[in-house]
Amino acid sequence: MRRLRSSPTLDAHVALSFLPIFAISLTFFVLLLEMGDLFVNIVQYVQNETPFALIAKSMILYLPRCVSWALPIATLFSVSYTLGGMYANNELIVVFGSGISLASFVAPLLAISLVLSAGFLVFDDAVVIPSLSEKKALTKAMLKTGEPAGAADVTILGQGRRIVWNVRYFDRKNTMLTGVTLVERDDGGRIASRVNAQSAVWTGTAWRFSGVRRFFWKDGAMTDESLGTWEDPAFAEPPESFKGGGKPIEELRLSDAAEHIAFLERAGLPRAAQTAEYYRRFAFALTPLVVTLLSAALVGRYKKNVLLMSLLISLVAATLYYVTQMVTMLLAKNGSVSPAAGAFTPIIIFSALVLALFKARPA
């Protein structure tokens with residue numbers, strides 16, 4: 001039978017069947033995330049006698065982040081439930097019997113998912129990042145958590161903006177640095193020297209570095225030396241400079257994150273973790289499109305208990321996706337795989353799964 005394209009009326013019917021379910025499911029998953037955050041902190045709120053207005057403000061500020069997390073699973077559930085319900089009600093038999101292909105039938109859902117993917121990236125950058133930063137500051141004040149014991153992965157520019165400090169961990173209590181890399185630049189921005197140290201302790205006026213290897217220019221050639229301990233008044237950045245720790249890359253706008261990664265590259269500092277997190281935000285934006293294709297591939301696999309099966313598939317698929325992403329991102333941050341592979345591998349795996357399910361469909 002000749003395959004026909006679906007009509008605008010049918011496209012509108014599919015879209016209008018999906019949108020109310022999507023709105024309800026998105027609201028449901030957002031509420032679950034909001035309640036989870038509230039219940040985690042409810043004891044501290046009560047103990048600190050936190051006003052209800054501040055708690056409500058914290059939940060409002062957390063709302064954009066909940067929406068961004070709930071969007072993929074809500075899309076997967078809504079598409080699964082919409083198509084599953086149509087199959088259970090024998091609507092798809094009429095559609096496919098008229099010669100309309102599955103691809104044509106789900107085209108409106110794919111169009112909506114494309115809009116969601118594009119909007120997700122813009123929404124995450126413009127709304128989620130600022131609101132999440134404000135929410136963390138407010139929660140810290142309400143819970144009275146105080147200053148953290150240390151800061152990890154600190155990168156700062158020293159006095160005069162000529163010395164780049166990269167510290168794996170700053171111990172506030174003992175005023176100690178661990179995993180230190182110093183890059184000194186000349187007036188032209190070129191590397192004048194580099195220092196790698198296992199640790200450093202503040203003496204009151206300068207840092208005393210231990211387990212040191214220095215690279216520096218001597219007689220026009222780059223040379224190096226290894227030292228047990230080493231001090232230089234030029235590297236006397238005060239400990240207060242490291243207390244901020246800087247914002248994690250996931251809390252930076254995309255433009256700021258790109259500039260930060262470029263800065264790390266110019267300074268010759270490790271950037272695998274930051275680059276992987278930067279790519280992950282683009283990969284995660286494609287999730288609504290991938291889960292829509294996954295739901296379409298599963299059409300006709302179940303006819304009974306549509307609500308239960310849709311919810312079950314959504315939870316299982318979301319769990320597998322997030323676990324896969326967690327593993328690949330960990331490998332990328334450890335340098336075992338490239339940052340791009342760490343970010344996009346889950347998308348590639350699920351795309352391959354979708355392709356396999358489509359090929360396994362009966363003709």
# chains A, B, ... in the order shown; residues from 1 in each chain; ligands from 1
>>> select_by_dssp(residues="region 113-243 of chain A", states="alpha helix (DSSP H)", output="list in words")
Ser113, Leu114, Val115, Leu116, Ser117, Ala118, Gly119, Phe120, Leu121, Val122, Phe123, Ile129, Pro130, Ser131, Leu132, Ser133, Glu134, Lys135, Lys136, Ala137, Leu138, Thr139, Lys140, Ala141, Met142 and Leu143 of chain A
>>> residues_around(residues="Ile347 (chain A)", least_positions_apart="2", cutoff="9 Å", atoms="only C-alpha atoms", output="list in words")
Ala283, Phe284, Leu286, Thr287, Val290, Tyr321, Gln325, Ala343, Phe344, Thr345, Ile349, Phe350, Ser351 and Ala352 of chain A
>>> residues_around(residues="Ser193 (chain A)", least_positions_apart="5", cutoff="12 Å", atoms="only C-alpha atoms", output="list in words")
Arg162, Ile163, Val164, Thr181, Leu182, Val183, Glu184, Arg185, Asp186, Arg213, Arg214, Phe215, Phe216, Trp217, Lys218, Ala221, Met222, Thr223, Asp224, Glu225, Phe235, Ala267 and Gly268 of chain A
>>> residues_around(residues="Ile249 (chain A)", least_positions_apart="6", cutoff="8 Å", atoms="only C-alpha atoms", output="list in words")
Ala257, Gln274, Glu277 and Tyr278 of chain A
>>> write_last_selection(atoms="N, CA, C and O atoms", output="mmCIF file, in the first residue's frame")
data_model
loop_
_atom_site.group_PDB
_atom_site.id
_atom_site.type_symbol
_atom_site.label_atom_id
_atom_site.label_comp_id
_atom_site.auth_asym_id
_atom_site.auth_seq_id
_atom_site.Cartn_x
_atom_site.Cartn_y
_atom_site.Cartn_z
ATOM 1 N N ALA A 257 31.364 30.020 30.579
ATOM 2 C CA ALA A 257 32.026 28.719 30.663
ATOM 3 C C ALA A 257 33.018 28.538 29.522
ATOM 4 O O ALA A 257 34.128 28.030 29.720
ATOM 5 N N GLN A 274 36.021 20.393 33.145
ATOM 6 C CA GLN A 274 35.225 21.564 32.768
ATOM 7 C C GLN A 274 34.684 21.434 31.347
ATOM 8 O O GLN A 274 33.537 21.784 31.074
ATOM 9 N N GLU A 277 31.773 18.916 31.235
ATOM 10 C CA GLU A 277 30.541 19.494 31.781
ATOM 11 C C GLU A 277 29.934 20.501 30.807
ATOM 12 O O GLU A 277 28.705 20.596 30.679
ATOM 13 N N TYR A 278 30.781 21.227 30.103
ATOM 14 C CA TYR A 278 30.306 22.192 29.101
ATOM 15 C C TYR A 278 29.588 21.467 27.963
ATOM 16 O O TYR A 278 28.490 21.862 27.552
#
>>> atom_distance(atom1="CA of Phe120 (chain A)", atom2="CA of Ala152 (chain A)")
29.1 Å
>>> residues_around(residues="Thr139 (chain A)", least_positions_apart="4", cutoff="9 Å", atoms="only C-alpha atoms", output="list in words")
Leu54, Ile55, Ser58, Glu134, Lys135, Leu143, Lys144 and Thr145 of chain A
>>> write_last_selection(atoms="C-alpha atoms", output="mmCIF file, in the first residue's frame")
data_model
loop_
_atom_site.group_PDB
_atom_site.id
_atom_site.type_symbol
_atom_site.label_atom_id
_atom_site.label_comp_id
_atom_site.auth_asym_id
_atom_site.auth_seq_id
_atom_site.Cartn_x
_atom_site.Cartn_y
_atom_site.Cartn_z
ATOM 1 C CA LEU A 54 11.986 32.359 52.777
ATOM 2 C CA ILE A 55 11.132 28.685 52.298
ATOM 3 C CA SER A 58 13.716 29.041 47.950
ATOM 4 C CA GLU A 134 20.593 32.574 44.048
ATOM 5 C CA LYS A 135 18.816 29.547 45.510
ATOM 6 C CA LEU A 143 20.472 26.509 56.991
ATOM 7 C CA LYS A 144 23.323 28.502 58.543
ATOM 8 C CA THR A 145 25.837 26.067 57.161
#
>>> closest_residue(among="A:Gly158, A:Pro346, A:Pro339, A:Pro288", to="Phe77 (chain A)", atoms="only C-alpha atoms")
A:Pro288
>>> residues_around(residues="region 198-204 of chain A", least_positions_apart="4", cutoff="10 Å", atoms="only C-alpha atoms", output="count of residues only")
27
>>> atom_distance(atom1="CA of Ile100 (chain A)", atom2="CA of Asp11 (chain A)")
11.6 Å
